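Visitor: Sharing a structure below in structure tokens format, with a few things to ask.
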Amino acid sequence: MPVTLASARFDGLVIASNRLPVVVSVSDGEVALDPSSGGLVAALRANPQPHLWVGWPGTVVPEELEQSVREALAVESCLPVFLSDDDERDFYDRICNGALWPLFHYFVDRFGFTDQAWRTYVAVNERFADTIAELSAPGSQVWVQDFHLALVPEALRRRRPDLAIGFFLHVPFPSSEIYRLLPPRSALLRGILGADYVGFHTGDYARHFRSSCLRILGLDSEPDTIEHDGRLVGIGVHPIGVDVRSFRETLRAPETAIAQADLEQRYQGKRLVLGVERLDYTKGIPQKLAAFERFLEGDPERAETTTMLQVLVPSRLQSAEYRDQRDEIEGRVAHVNGRFGQPGRTPIEYLHRRVSATELALLYRRADVMMVTPLRDGMNLVAQEFVLCQAAEPDLPGRWRGVLVLSELAGASHVLPGALLVNPWDAQEMVERLVEALALDPVERHRRLDLMADRVEQLDSIRWAQGFLARLARFARASKPASLTPLDAAAAARIDRKFRGARLRTLLLDYDGTLRELASHPDLAAPTPEIRQLLVDLAASARTTVHVVSGRKHRTLGAWFGDLPIFLCAEHGYLVREPGGRWHPSVDVDISWLPRIERVLRRVARDVPGTLVERKTCSVAWHYRQAEPEYGIWRARELLDALDQLLPGIPAEVIHGHRVIEVRARGVNKGTYVHSLFPSGKAAGQAVLAAGDDLTDLDLYRALPAGSIAIHVGPARPQALGSALRDAYVVSSPATLRALLRSLIVEA
């Protein structure tokens, strides 16, 4: 739907990408628009949902013509973000093409980085965020595309947290060992994590992303979520597909049949091996040509029966590096033809130009073997296009269906089960796969093609877009905090008024991560003199009782706080003690299972360096805070699976806290202690405040009497905590909580 420059905020889908779906050219003051090519443009153009596209117009536009370009693009539902020559050089050439592209494709030797170029990359991403924030209606969906705009999600969330923000990476995400070479590695990850939902082409890319978040940012993750900044960011795998309908319409067009007959006549009696690539070092074209040369060396007579047609789509020829690649490819083609060609016989035919959709579809249809052998590729839609065109029409008389030889390092290898997979770095294996492909019998060719054709139907680009946007909507809804409010000065003032006006005051305070910062080892978290004095002053405050409600052992709490005039509740509510009194159990529980579970945890601790087992009266815990991060997370998941098998029928439950897995007696929790203080569930005339930092405090929150105040310390998970909290607030750290508590002291 066209947009006008004076229109209100756009309330449809906003798509943001480096390039617009049209290319702008300016000549003699005239503005012209031409359709852009590429898999992303084709996939998103087919999306029937009304959308507005934000991106760079593909050229530097003189300032006096910017208004004309805006008006021309508005007709195409596009909004430009203009870049200067310096922006294009630093943002696009030096960072996108010179740093992120080679690094994400594992070409570390081509990686380069400068701080000045990075600053421009940041500035351009901020400019995109400004544009999107200004034009988007409240609650709109924004879909940010690819590594060029990796910082936009976070920048946009700072400006417009009401928006549903999605991010899709169209290139591989490398292993954490490679990704960590990037100097601003943390900033890029945080930029992406500003989204509500992040999509990748394959499970490997999503796994590498989660691993990098863990190793670099220290963020734990589940297979489909990462907790960051108080939100659960969705992680999903969405292999992109081609526009099935468009290719079928091209094949059914009347002019296609005429052109197809000409193509059949041209290659009559020949086996056609086809390659279609954009000019780029990641595509492995020299390696493929070298393999074809070796194929001819094995039997020079093959040059009589087999022709390779290499289509090379021009790309980035303004770069000397890319011109050198083109020259290398053309030199290899000439070399092979010089060795094996004869008058009237050209083993390798070469096209260095853009080809029309009709011409491309017919070449796919005619090919006996399609060689798609990139050295690394995010997905590669050429492979899917070939399968679709081969399967779209009945067989031609006297010719077999084509075979796909596909690099195992392309994302397409994960979704096309009928391809012959090959290592593109292994020339001999490439030759063997080509020979195998040419020799496959018709039945096997049909079987393989049918497998792939069904998958290409499922991956249709419209379905791809709809599936991603549906998941984005779900995660965006789930990430909106319903119950948690940052504790600002106004909220602190409201709490202060409530406490000073109350007849009685009760404080229920967790310890680790709440009163005291988390330590790498449990024994290193002893209270500071400041914390002890704060508790003494609170207990001496008028009409105030203080309760430390912790998962710690009772002996530890007694040693740390036994001399203070406060109530102690240890081991998640099992043992309690009044000021100056003796410890006693709050409930009667069965702990006969403890030795068996402890043995399991100790076996794991022996296998995982840096971990330890802590035995308590009615529970046992495995701490892995000091373990190697990724290995610790992996073994924690394994342990949770093992405990799921062991615990049925046992009166115990598992609690997964901050890098600790604890198995405790069922019926023991912090809520039990709160119920003993307020058996009626009411606290008439009292002001009750509870503070905690992790999921083990949920039972405490749920048991609070109506009207209580709950404070969550540290990054919050509203999805998990919201239903348990009433008047709830979030503070960033134990130090912030301690400052609030000190402000509540009232002279006796």
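Every chain in the structure tokens takes a letter, A first, then B, and so on in the order presented; its residues are numbered from 1, and the ligands are numbered from 1 following the presented order.
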Got a sec: who's within 6 Å of Phe10 (chain A), counting only C-alpha atoms, leaving out chain neighbours fewer than 6 positions off, as number ranges by chain?
Guide: A: 135-137
Visitor: For the atom pair CA of Val435 (chain A) and CA of Phe340 (chain A), what is the interatomic distance in Å to one decimal place?
Guide: 17.7 Å
Visitor: Identify, with DSSP run on backbone atoms, the residues in region 195-319 of chain A assigned to helix (DSSP H, G or I), and express the list as a PyMOL selection string.
Guide: chain A and resi 203-217+244-252+254-266+281-283+285-298+302-305
Visitor: With only C-alpha atoms as the counted atoms, please give the residues lying no more than 10 Å from region 62-78 of chain A, apart from itself and same-chain residues fewer than 6 positions off, as a PDB file with C-alpha atoms, in the first residue's frame.
Guide:
```
ATOM      1  CA  MET A   1       0.000   0.000   0.000  1.00  0.00           C
ATOM      2  CA  PRO A   2       1.551   3.348  -1.001  1.00  0.00           C
ATOM      3  CA  VAL A   3       2.355   5.731   1.814  1.00  0.00           C
ATOM      4  CA  THR A   4       2.363   9.497   1.739  1.00  0.00           C
ATOM      5  CA  LEU A   5       5.008  11.579   3.402  1.00  0.00           C
ATOM      6  CA  VAL A  14       7.665  -2.318   8.999  1.00  0.00           C
ATOM      7  CA  ILE A  15      10.545  -4.129   7.267  1.00  0.00           C
ATOM      8  CA  ALA A  16      14.047  -2.740   7.744  1.00  0.00           C
ATOM      9  CA  LEU A  20      15.353  -1.307  -0.394  1.00  0.00           C
ATOM     10  CA  PRO A  21      13.524  -3.677  -2.789  1.00  0.00           C
ATOM     11  CA  VAL A  22      14.094  -1.105  -5.524  1.00  0.00           C
ATOM     12  CA  VAL A  23      17.318   0.502  -6.742  1.00  0.00           C
ATOM     13  CA  VAL A  24      17.323   4.258  -7.133  1.00  0.00           C
ATOM     14  CA  SER A  25      19.327   5.886  -9.920  1.00  0.00           C
ATOM     15  CA  VAL A  26      19.749   9.631 -10.337  1.00  0.00           C
ATOM     16  CA  GLY A  29      18.200  15.529 -11.867  1.00  0.00           C
ATOM     17  CA  GLU A  30      15.845  12.691 -12.826  1.00  0.00           C
ATOM     18  CA  VAL A  31      14.973   9.874 -10.433  1.00  0.00           C
ATOM     19  CA  ALA A  32      14.439   6.333 -11.756  1.00  0.00           C
ATOM     20  CA  LEU A  33      13.489   3.156  -9.878  1.00  0.00           C
ATOM     21  CA  PRO A  50       0.625  -4.621   4.049  1.00  0.00           C
ATOM     22  CA  HIS A  51       4.107  -3.404   4.813  1.00  0.00           C
ATOM     23  CA  LEU A  52       6.405  -0.408   4.635  1.00  0.00           C
ATOM     24  CA  TRP A  53      10.054  -0.971   3.751  1.00  0.00           C
ATOM     25  CA  VAL A  54      12.849   1.117   5.296  1.00  0.00           C
ATOM     26  CA  GLY A  55      16.319   0.971   3.769  1.00  0.00           C
ATOM     27  CA  TRP A  56      19.140   2.544   1.850  1.00  0.00           C
ATOM     28  CA  SER A  84      26.846   9.775   2.458  1.00  0.00           C
TER      29      SER A  84
END
```
Visitor: For Val663 (chain A), list every protein, DNA or RNA residue within 7 Å, evaluated using only C-alpha atoms, and leave out those in the same chain fewer than 3 positions away; present the list as a list of chain:residue names.
Guide: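 Answer for this query is A:Ser619, A:Val620, A:Ala621, A:Ala652, A:Glu653, A:Val654, A:Ile655.
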Visitor: Go ahead and dump the residues you just picked, C-alpha atoms, as a PDB file, in the first residue's frame.
Guide:
```
ATOM      1  CA  SER A 619      18.048 -30.836  50.700  1.00  0.00           C
ATOM      2  CA  VAL A 620      21.218 -31.192  48.657  1.00  0.00           C
ATOM      3  CA  ALA A 621      22.539 -28.737  46.070  1.00  0.00           C
ATOM      4  CA  ALA A 652      11.256 -34.318  46.707  1.00  0.00           C
ATOM      5  CA  GLU A 653      11.349 -31.546  44.114  1.00  0.00           C
ATOM      6  CA  VAL A 654      14.013 -29.847  42.008  1.00  0.00           C
ATOM      7  CA  ILE A 655      14.785 -26.135  42.187  1.00  0.00           C
TER       8      ILE A 655
END
```
Visitor: Which residue is closest to Pro565 (chain A)? Choose from A:Leu388, A:Ile711, A:Leu438, A:Leu534 and count only C-alpha atoms.
Guide: A:Leu534
Visitor: Tell me which of A:Leu504, A:Ala710, A:Leu568, A:Val668 sits closest to Gln686 (chain A), counting only C-alpha atoms.
Guide: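 So, comparing all the options, the nearest one is A:Leu504.
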Visitor: Run DSSP on the backbone and tell me which residues of region 401-550 of chain A come out as strand (DSSP E or B); list them as a PyMOL selection string.
Guide: chain A and resi 403-407+410+420-422+484-486+504-509+512+516+544-549
Visitor: My list of candidates is A:Val372, A:Leu272, A:Leu700, A:Leu459. Which is closest to Gly402 (chain A) when distances are computed with only C-alpha atoms?
Guide: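 Using only C-alpha atoms, the shortest distance to Gly402 (chain A) belongs to A:Leu272.
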Visitor: Skipping near chain neighbours, those fewer than 4 positions away, what residues fall within 10 Å of region 562-564 of chain A using only C-alpha atoms, listed as number ranges by chain?
Guide: A: 532-533, 535-536, 539, 554-558, 568, 577-582
Visitor: Using the selection just defined, write its residues with N, CA and C atoms as a PDB file, in the first residue's frame.
Guide:
```
ATOM      1  N   ARG A 532      25.462  -6.292  58.129  1.00  0.00           N
ATOM      2  CA  ARG A 532      25.101  -6.607  59.520  1.00  0.00           C
ATOM      3  C   ARG A 532      24.556  -5.368  60.225  1.00  0.00           C
ATOM      4  N   GLN A 533      25.191  -4.227  60.037  1.00  0.00           N
ATOM      5  CA  GLN A 533      24.723  -3.015  60.710  1.00  0.00           C
ATOM      6  C   GLN A 533      23.351  -2.601  60.187  1.00  0.00           C
ATOM      7  N   LEU A 535      20.961  -4.599  59.145  1.00  0.00           N
ATOM      8  CA  LEU A 535      19.958  -5.462  59.776  1.00  0.00           C
ATOM      9  C   LEU A 535      19.720  -5.061  61.232  1.00  0.00           C
ATOM     10  N   VAL A 536      20.786  -4.696  61.941  1.00  0.00           N
ATOM     11  CA  VAL A 536      20.632  -4.238  63.334  1.00  0.00           C
ATOM     12  C   VAL A 536      19.788  -2.975  63.382  1.00  0.00           C
ATOM     13  N   ALA A 539      16.116  -3.745  62.613  1.00  0.00           N
ATOM     14  CA  ALA A 539      15.444  -4.411  63.734  1.00  0.00           C
ATOM     15  C   ALA A 539      15.175  -3.446  64.884  1.00  0.00           C
ATOM     16  N   HIS A 554      21.431 -23.863  58.118  1.00  0.00           N
ATOM     17  CA  HIS A 554      21.115 -23.160  59.367  1.00  0.00           C
ATOM     18  C   HIS A 554      22.384 -22.829  60.154  1.00  0.00           C
ATOM     19  N   ARG A 555      23.413 -23.699  60.066  1.00  0.00           N
ATOM     20  CA  ARG A 555      24.654 -23.400  60.783  1.00  0.00           C
ATOM     21  C   ARG A 555      25.316 -22.145  60.219  1.00  0.00           C
ATOM     22  N   THR A 556      25.262 -21.990  58.898  1.00  0.00           N
ATOM     23  CA  THR A 556      25.863 -20.806  58.286  1.00  0.00           C
ATOM     24  C   THR A 556      25.119 -19.545  58.696  1.00  0.00           C
ATOM     25  N   LEU A 557      23.788 -19.566  58.610  1.00  0.00           N
ATOM     26  CA  LEU A 557      23.024 -18.386  59.011  1.00  0.00           C
ATOM     27  C   LEU A 557      23.229 -18.071  60.487  1.00  0.00           C
ATOM     28  N   GLY A 558      23.291 -19.119  61.312  1.00  0.00           N
ATOM     29  CA  GLY A 558      23.511 -18.896  62.739  1.00  0.00           C
ATOM     30  C   GLY A 558      24.854 -18.250  63.015  1.00  0.00           C
ATOM     31  N   LEU A 568      15.444 -15.813  61.826  1.00  0.00           N
ATOM     32  CA  LEU A 568      16.170 -16.528  60.779  1.00  0.00           C
ATOM     33  C   LEU A 568      15.348 -17.709  60.283  1.00  0.00           C
ATOM     34  N   ARG A 577      14.249 -19.954  63.479  1.00  0.00           N
ATOM     35  CA  ARG A 577      14.795 -19.571  64.790  1.00  0.00           C
ATOM     36  C   ARG A 577      14.396 -18.151  65.121  1.00  0.00           C
ATOM     37  N   GLU A 578      13.889 -17.941  66.337  1.00  0.00           N
ATOM     38  CA  GLU A 578      13.593 -16.595  66.816  1.00  0.00           C
ATOM     39  C   GLU A 578      14.874 -15.958  67.344  1.00  0.00           C
ATOM     40  N   PRO A 579      14.894 -14.642  67.518  1.00  0.00           N
ATOM     41  CA  PRO A 579      16.101 -13.994  68.029  1.00  0.00           C
ATOM     42  C   PRO A 579      16.536 -14.606  69.366  1.00  0.00           C
ATOM     43  N   GLY A 580      17.778 -15.093  69.418  1.00  0.00           N
ATOM     44  CA  GLY A 580      18.318 -15.692  70.630  1.00  0.00           C
ATOM     45  C   GLY A 580      17.800 -17.081  70.935  1.00  0.00           C
ATOM     46  N   GLY A 581      16.914 -17.626  70.085  1.00  0.00           N
ATOM     47  CA  GLY A 581      16.317 -18.930  70.367  1.00  0.00           C
ATOM     48  C   GLY A 581      17.091 -20.085  69.751  1.00  0.00           C
ATOM     49  N   ARG A 582      16.427 -21.255  69.675  1.00  0.00           N
ATOM     50  CA  ARG A 582      17.031 -22.460  69.132  1.00  0.00           C
ATOM     51  C   ARG A 582      16.370 -22.795  67.791  1.00  0.00           C
TER      52      ARG A 582
END
```
Visitor: Nearest residue to Ser676 (chain A) out of A:Pro343, A:Gly378, A:Pro705, A:Gly338, using only C-alpha atoms?
Guide: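 Comparing A:Pro343, A:Gly378, A:Pro705, A:Gly338 against Ser676 (chain A), the winner is A:Pro705.
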Visitor: Of the candidates A:Asp280, A:Glu385, A:Glu444, A:Asp377, which one gets nearest to Ser407 (chain A) if we count only C-alpha atoms?
Guide: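 Between A:Asp280, A:Glu385, A:Glu444, A:Asp377, the residue approaching Ser407 (chain A) most closely is A:Asp377.
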Visitor: Write out as a PyMOL selection string which residues come within 12 Å of Leu156 (chain A) when counting only C-alpha atoms, dropping same-chain ones fewer than 2 positions away.
Guide: chain A and resi 16+125-136+141-144+149-154+158-167+191-196
Visitor: I'd like the neighbourhood of Ser211 (chain A) as a list in words, where a residue qualifies if any of its atoms comes within 8 Å (using only C-alpha atoms), though same-chain residues fewer than 4 positions away should be ignored.
Guide: Ser175, Ser176, Arg207, Arg215 and Glu630 of chain A
Visitor: Work out how far CA of Tyr511 (chain A) is from CA of Val548 (chain A), in Å to one decimal.
Guide: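 The value is 6.7 Å.
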